[in-house]
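Visitor: Below you'll find final.txt; it's compact mmCIF, C-alpha atoms and all ligand atoms.
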# COMPACT_ATOMS: atom_id res chain seq x y z
CA MET S 1 -8.10 9.76 10.34
CA SER S 2 -6.98 7.59 7.42
CA VAL S 3 -3.76 8.08 5.48
CA ALA S 4 -2.56 6.19 2.41
CA VAL S 5 1.16 5.87 1.69
CA THR S 6 1.83 5.08 -1.93
CA GLY S 7 4.71 5.05 -4.38
CA GLY S 8 6.35 2.99 -7.10
CA ILE S 9 8.22 -0.21 -6.43
CA GLY S 10 11.18 0.34 -4.13
CA ALA S 11 10.32 4.01 -3.57
CA GLY S 12 10.31 3.59 0.20
CA LYS S 13 6.61 3.10 1.12
CA SER S 14 7.27 0.35 3.65
CA THR S 15 10.10 2.34 5.20
CA VAL S 16 7.83 5.40 5.55
CA ALA S 17 4.99 3.27 6.96
CA GLN S 18 7.41 1.66 9.43
CA LEU S 19 8.76 5.05 10.56
CA LEU S 20 5.19 6.32 11.03
CA GLY S 21 4.47 3.18 13.07
CA GLU S 22 7.50 3.92 15.24
CA SER S 23 6.07 7.44 15.73
CA GLY S 24 3.04 5.82 17.33
CA PHE S 25 0.54 5.67 14.46
CA THR S 26 -1.44 2.54 13.68
CA VAL S 27 -0.17 0.93 10.47
CA VAL S 28 -2.33 -1.51 8.54
CA ASP S 29 -0.47 -4.11 6.52
CA SER S 30 -2.52 -4.34 3.33
CA ASP S 31 -0.59 -7.43 2.18
CA ARG S 32 -1.67 -9.23 5.35
CA LEU S 33 -5.26 -8.06 4.94
CA ALA S 34 -5.20 -9.31 1.33
CA ARG S 35 -4.19 -12.76 2.61
CA GLU S 36 -6.78 -12.78 5.40
CA VAL S 37 -9.72 -12.04 3.11
CA VAL S 38 -9.14 -15.31 1.20
CA GLU S 39 -8.59 -17.60 4.16
CA PRO S 40 -10.67 -20.81 4.28
CA GLY S 41 -14.32 -20.13 5.13
CA THR S 42 -14.29 -16.50 3.88
CA ASP S 43 -16.62 -14.97 1.28
CA GLY S 44 -13.44 -13.85 -0.49
CA LEU S 45 -12.22 -17.41 -1.02
CA ARG S 46 -15.68 -18.50 -2.15
CA ALA S 47 -15.75 -15.70 -4.73
CA VAL S 48 -12.26 -16.59 -5.99
CA VAL S 49 -13.23 -20.26 -6.39
CA ASP S 50 -16.54 -19.35 -8.08
CA THR S 51 -14.65 -17.18 -10.55
CA PHE S 52 -11.50 -19.21 -11.26
CA GLY S 53 -12.50 -22.76 -10.39
CA PRO S 54 -11.97 -25.30 -7.59
CA GLU S 55 -8.59 -26.35 -9.02
CA LEU S 56 -7.18 -23.34 -7.12
CA LEU S 57 -7.87 -25.09 -3.82
CA ARG S 58 -5.35 -27.28 -2.06
CA ASP S 59 -6.47 -30.56 -0.47
CA ASP S 60 -6.79 -28.84 2.92
CA GLY S 61 -9.21 -26.25 1.46
CA SER S 62 -6.74 -23.35 1.45
CA LEU S 63 -5.97 -21.22 -1.58
CA ASP S 64 -3.11 -22.36 -3.79
CA ARG S 65 -1.41 -18.98 -4.18
CA ALA S 66 1.12 -20.21 -6.73
CA ALA S 67 -1.67 -21.53 -8.96
CA LEU S 68 -3.59 -18.26 -8.59
CA ALA S 69 -0.48 -16.22 -9.44
CA ALA S 70 0.09 -18.38 -12.54
CA THR S 71 -3.53 -17.75 -13.57
CA VAL S 72 -3.50 -13.97 -13.20
CA PHE S 73 0.12 -13.14 -14.05
CA GLY S 74 0.53 -15.70 -16.83
CA PRO S 75 0.01 -14.95 -20.53
CA GLY S 76 -3.34 -13.28 -21.19
CA GLY S 77 -3.95 -12.88 -17.49
CA ASP S 78 -4.83 -9.17 -17.58
CA GLU S 79 -8.60 -9.66 -17.53
CA ARG S 80 -8.32 -12.35 -14.84
CA ARG S 81 -6.13 -10.05 -12.76
CA ARG S 82 -8.80 -7.35 -12.99
CA GLN S 83 -11.44 -9.86 -11.90
CA LEU S 84 -9.29 -10.86 -8.93
CA GLU S 85 -8.71 -7.23 -7.95
CA HIS S 86 -12.44 -6.66 -8.20
CA ILE S 87 -12.94 -9.35 -5.57
CA ILE S 88 -10.01 -8.57 -3.28
CA HIS S 89 -9.78 -4.78 -3.19
CA PRO S 90 -13.22 -4.01 -1.74
CA LEU S 91 -12.66 -6.67 0.94
CA VAL S 92 -9.25 -5.24 1.84
CA ARG S 93 -10.76 -1.78 1.90
CA ALA S 94 -13.57 -2.94 4.20
CA GLY S 95 -11.00 -4.48 6.55
CA TYR S 96 -9.05 -1.24 6.59
CA ASP S 97 -12.19 0.86 7.15
CA ALA S 98 -13.08 -1.34 10.13
CA VAL S 99 -9.69 -0.56 11.72
CA VAL S 100 -10.29 3.19 11.13
CA ARG S 101 -13.83 2.96 12.54
CA ASP S 102 -12.61 1.24 15.69
CA SER S 103 -9.85 3.80 16.29
CA ALA S 104 -10.13 6.90 18.44
CA PRO S 105 -10.94 10.03 16.36
CA GLU S 106 -7.58 11.61 17.12
CA SER S 107 -5.64 8.58 15.90
CA VAL S 108 -4.05 8.25 12.49
CA VAL S 109 -4.30 4.94 10.63
CA VAL S 110 -1.73 4.47 7.88
CA ASN S 111 -2.12 2.07 4.98
CA ASP S 112 0.78 1.19 2.69
CA ILE S 113 -0.66 0.75 -0.83
CA PRO S 114 1.69 -0.98 -3.22
CA LEU S 115 -0.01 -0.50 -6.56
CA VAL S 116 -0.91 2.72 -8.24
CA ARG S 117 -3.99 1.07 -9.68
CA GLU S 118 -5.19 1.05 -6.11
CA LEU S 119 -5.13 4.84 -6.02
CA ARG S 120 -8.70 4.51 -7.20
CA VAL S 121 -9.24 2.74 -3.91
CA ALA S 122 -7.29 5.52 -2.18
CA ALA S 123 -10.02 8.00 -3.09
CA GLY S 124 -11.66 7.70 0.33
CA PHE S 125 -8.55 8.50 2.38
CA HIS S 126 -8.24 11.77 4.25
CA LEU S 127 -4.70 12.17 2.98
CA VAL S 128 -2.64 10.43 0.29
CA VAL S 129 1.11 10.59 0.86
CA GLY S 130 3.35 9.74 -2.10
CA VAL S 131 6.96 8.59 -1.78
CA GLY S 132 9.25 8.95 -4.76
CA VAL S 133 12.83 8.71 -5.90
CA ALA S 134 13.33 11.02 -8.87
CA ASP S 135 16.46 9.22 -10.00
CA ASP S 136 15.64 5.73 -11.35
CA THR S 137 19.28 4.65 -11.04
CA THR S 138 19.12 5.15 -7.26
CA ARG S 139 15.84 3.23 -7.02
CA LEU S 140 17.23 0.44 -9.23
CA ALA S 141 20.35 0.17 -7.04
CA ARG S 142 18.21 -0.11 -3.88
CA LEU S 143 16.08 -2.87 -5.41
CA VAL S 144 19.16 -4.76 -6.58
CA GLN S 145 20.68 -4.41 -3.13
CA ARG S 146 17.47 -5.90 -1.73
CA GLY S 147 18.09 -8.95 -3.90
CA MET S 148 16.06 -8.30 -7.06
CA ALA S 149 17.58 -9.00 -10.49
CA GLU S 150 18.33 -5.72 -12.27
CA SER S 151 16.29 -6.69 -15.36
CA ASP S 152 13.26 -7.53 -13.16
CA ALA S 153 13.59 -4.26 -11.27
CA ARG S 154 13.85 -2.30 -14.52
CA ALA S 155 10.78 -4.08 -16.01
CA ARG S 156 8.68 -3.36 -12.92
CA ILE S 157 9.71 0.28 -12.75
CA ASP S 158 8.90 0.68 -16.46
CA ALA S 159 5.50 -1.00 -16.06
CA GLN S 160 4.37 1.49 -13.40
CA LEU S 161 3.09 5.00 -13.58
CA GLY S 162 5.96 7.52 -13.50
CA ASP S 163 6.52 9.67 -10.43
CA GLU S 164 5.36 12.86 -12.18
CA ALA S 165 1.90 11.41 -12.85
CA ARG S 166 1.73 9.81 -9.43
CA ARG S 167 2.71 13.03 -7.74
CA ARG S 168 -0.34 14.80 -9.15
CA LEU S 169 -2.54 12.22 -7.41
CA CYS S 170 -1.01 12.76 -3.97
CA ASP S 171 -1.69 15.42 -1.34
CA VAL S 172 1.80 15.26 0.18
CA TRP S 173 5.01 14.21 -1.56
CA LEU S 174 8.10 12.84 0.19
CA ASP S 175 11.25 12.84 -1.85
CA ASN S 176 13.34 9.79 -0.96
CA GLY S 177 16.36 10.58 -3.09
CA GLY S 178 18.58 11.18 -0.05
CA ASP S 179 19.84 8.83 2.64
CA GLN S 180 17.80 7.04 5.32
CA ALA S 181 18.43 9.85 7.82
CA ALA S 182 16.99 12.42 5.40
CA LEU S 183 13.89 10.25 4.94
CA ALA S 184 13.53 9.86 8.72
CA ASP S 185 13.67 13.67 9.05
CA ALA S 186 11.01 14.15 6.38
CA VAL S 187 8.79 11.53 8.03
CA SER S 188 9.18 13.14 11.42
CA GLY S 189 7.96 16.44 9.87
CA LEU S 190 5.06 14.57 8.32
CA ALA S 191 4.24 12.89 11.64
CA GLN S 192 3.99 16.30 13.28
CA ARG S 193 1.62 17.51 10.55
CA LEU S 194 -0.48 14.37 10.86
CA ARG S 195 -0.83 14.86 14.61
CA GLY S 196 -1.98 18.42 13.91
CA PHE S 197 -4.53 17.31 11.27
CA ALA S 198 -5.86 14.51 13.45
CA GLY S 199 -6.12 16.78 16.50
CA ASN S 200 -8.04 19.39 14.49
CA ARG S 201 -10.40 16.79 13.08
CA ALA S 202 -11.08 15.40 16.55
CA ALA S 203 -11.68 18.93 17.92
CA GLU S 204 -14.07 19.73 15.05
CA ARG S 205 -16.05 16.58 15.74
CA ALA S 206 -16.20 17.32 19.45
CA ALA S 207 -17.23 20.99 19.04
CA PRO S 208 -20.91 21.74 19.71
CA TYR S 209 -22.87 22.59 16.59
CA PRO S 210 -23.26 26.41 16.55
P1 LIG S 301 8.03 -2.29 -2.57
O1 LIG S 301 7.21 -1.58 -3.58
O2 LIG S 301 8.94 -3.30 -3.19
O3 LIG S 301 7.25 -2.86 -1.42
P2 LIG S 301 8.73 0.02 -1.01
O4 LIG S 301 8.24 1.19 -1.76
O5 LIG S 301 7.93 -0.42 0.16
O6 LIG S 301 9.04 -1.19 -1.95
P3 LIG S 301 11.01 0.00 0.72
O7 LIG S 301 10.95 -1.47 0.92
O8 LIG S 301 10.65 0.88 1.86
O9 LIG S 301 10.21 0.42 -0.57
O10 LIG S 301 12.46 0.45 0.21
C1 LIG S 301 13.12 -0.29 -0.84
C2 LIG S 301 14.57 -0.61 -0.40
O11 LIG S 301 15.30 0.59 -0.35
C3 LIG S 301 14.64 -1.22 0.99
O12 LIG S 301 15.67 -2.16 1.01
C4 LIG S 301 14.96 -0.03 1.88
O13 LIG S 301 15.66 -0.40 3.05
C5 LIG S 301 15.82 0.82 0.95
N1 LIG S 301 15.71 2.26 1.20
C6 LIG S 301 14.56 2.98 1.37
N2 LIG S 301 14.84 4.29 1.51
C7 LIG S 301 16.18 4.41 1.42
C8 LIG S 301 17.11 5.51 1.50
N3 LIG S 301 16.69 6.76 1.66
N4 LIG S 301 18.43 5.22 1.35
C9 LIG S 301 18.86 3.96 1.16
N5 LIG S 301 18.06 2.88 1.08
C10 LIG S 301 16.74 3.10 1.22
How would this structure read if it were set down as C-alpha cells?
Ligand code: ATP
Guide:
Amino acid sequence: MSVAVTGGIGAGKSTVAQLLGESGFTVVDSDRLAREVVEPGTDGLRAVVDTFGPELLRDDGSLDRAALAATVFGPGGDERRRQLEHIIHPLVRAGYDAVVRDSAPESVVVNDIPLVRELRVAAGFHLVVGVGVADDTTRLARLVQRGMAESDARARIDAQLGDEARRRLCDVWLDNGGDQAALADAVSGLAQRLRGFAGNRAAERAAPYP
C-alpha cells in the first residue's frame, strides 16, 4: 500500500515520515531517489544533458548540481524548471513504484513529497496524508530555529499553496500546531489506521473471488 506525506515547507513532513519509519513502515526518501535517477550512466542524466547542454557535466561525467540549480532557479528559469521536473518526476515515481511492487501486500510504503506541485504525481497513491501548521508564525519560528533566514522562510511559505487549499487535496490531515509529543501521538493513531487499511487490502487480495 502506498502513502504520500505532503505539506508546506517546515510543516513537519520529514518528522512524520521518520515517526512512521520508527513504527516499522518502509519510508522512501524521494530526495535520494531524485539524486539516483541522474547518476552517471542513467537515462535521467542523458535526458538532462540533451535538454540543458553538456556544460552541466563535471569533468568526471557527474552532474554539476550547482550549475543545474542556477539554470532552473535563476531568472527566467520557470520553463526550464518545468522541463527538469518533466524528466525527473516520472523517474522518481517509477523508482518509488518499484519499491511498492517489491513489498509484501500488507506493508505500507511511505513517500515524503516536498512540493505541492508533485501532488499531481501523488494521484496514484492509496492515501495522501497532509501535515500542516495553521499558524504561520509557529512554522516560521521552527524554520528559523533550523537555521533558515527569516526572510527566506517567509518567501518560501508565501510562494507555496496555502494549507486550506492543500488540505482539500489530502485524504488525512495531521495538524502539527502542537508540540513534538502531540505530533507523535497523532502519528501513532495514523500508524494504527494504516495497519488496518493495509491489512484489509491484503485480505481482499487474498480472498477467493466469489
Ligand atoms: P521541509 O519542507 O523543509 O523538508 P518538513 O515539512 O519536512 O520541512 P520537518 O523538517 O519535519 O518539516 O520540520 C521542520 C522543523 O520543525 C524541524 O526542525 C523539526 O524538528 C521541527 N518540528 C516539527 N514538528 C515540530 C513540533 N510539533 N514542535 C516543534 N518543532 C517541530
Visitor: May I have the residues at most 9 Å from (-8.3, -2.2, 4.0) in the file's coordinates, counting only C-alpha atoms, as a ChimeraX atom specification?
Guide: /S:28-30,33-34,89-99,111
Visitor: I need the residue nearest Arg146 in chain S from this list: S:Leu169, S:Val128, S:Ala69, S:Ile9. Use only C-alpha atoms for the distance.
Guide: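 For Arg146 in chain S, the nearest of the given residues is S:Ile9.
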Visitor: List the spatial neighbours of Asp136 in chain S as a list in words - criterion: any atom at most 12 Å away, all atoms listed in the file, same-chain residues fewer than 3 positions off excluded.
Guide: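 That gives Gly8, Ile9, Gly10, Ala11, Gly132, Val133, Arg139, Leu140, Ala141, Arg142, Leu143, Glu150, Ala153, Arg154, Ala155, Arg156, Ile157, Asp158, Gly162, Asp163, Asn176 and Gly177 of chain S.
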Visitor: Considering all atoms listed in the file, state which residue in the set S:Ile87, S:Leu45, S:Ala191, S:Val100 is at the smallest distance from Arg65 in chain S.
Guide: S:Leu45
Visitor: In Å, with one decimal, what is the gap from CA of Gly53 in chain S to CA of Ala159 in chain S?
Guide: 28.8 Å
Visitor: My list of candidates is S:Asp50, S:Glu204, S:Glu85, S:Asp135. Which is closest to ligand LIG 301 (chain S) when distances are computed with all atoms listed in the file?
Guide: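 So, comparing all the options, the nearest one is S:Asp135.
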Visitor: Residues around (10.4, 6.4, 7.9), cut-off 10 Å, counting only C-alpha atoms - what are they as a VMD selection string?
Guide: chain S and resid 12 to 23 176 180 to 188 190 to 191
Visitor: Can you work out the spacing between CA of Pro105 in chain S and CA of Ala202 in chain S in Å, to one decimal?
Guide: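 The value is 5.4 Å.
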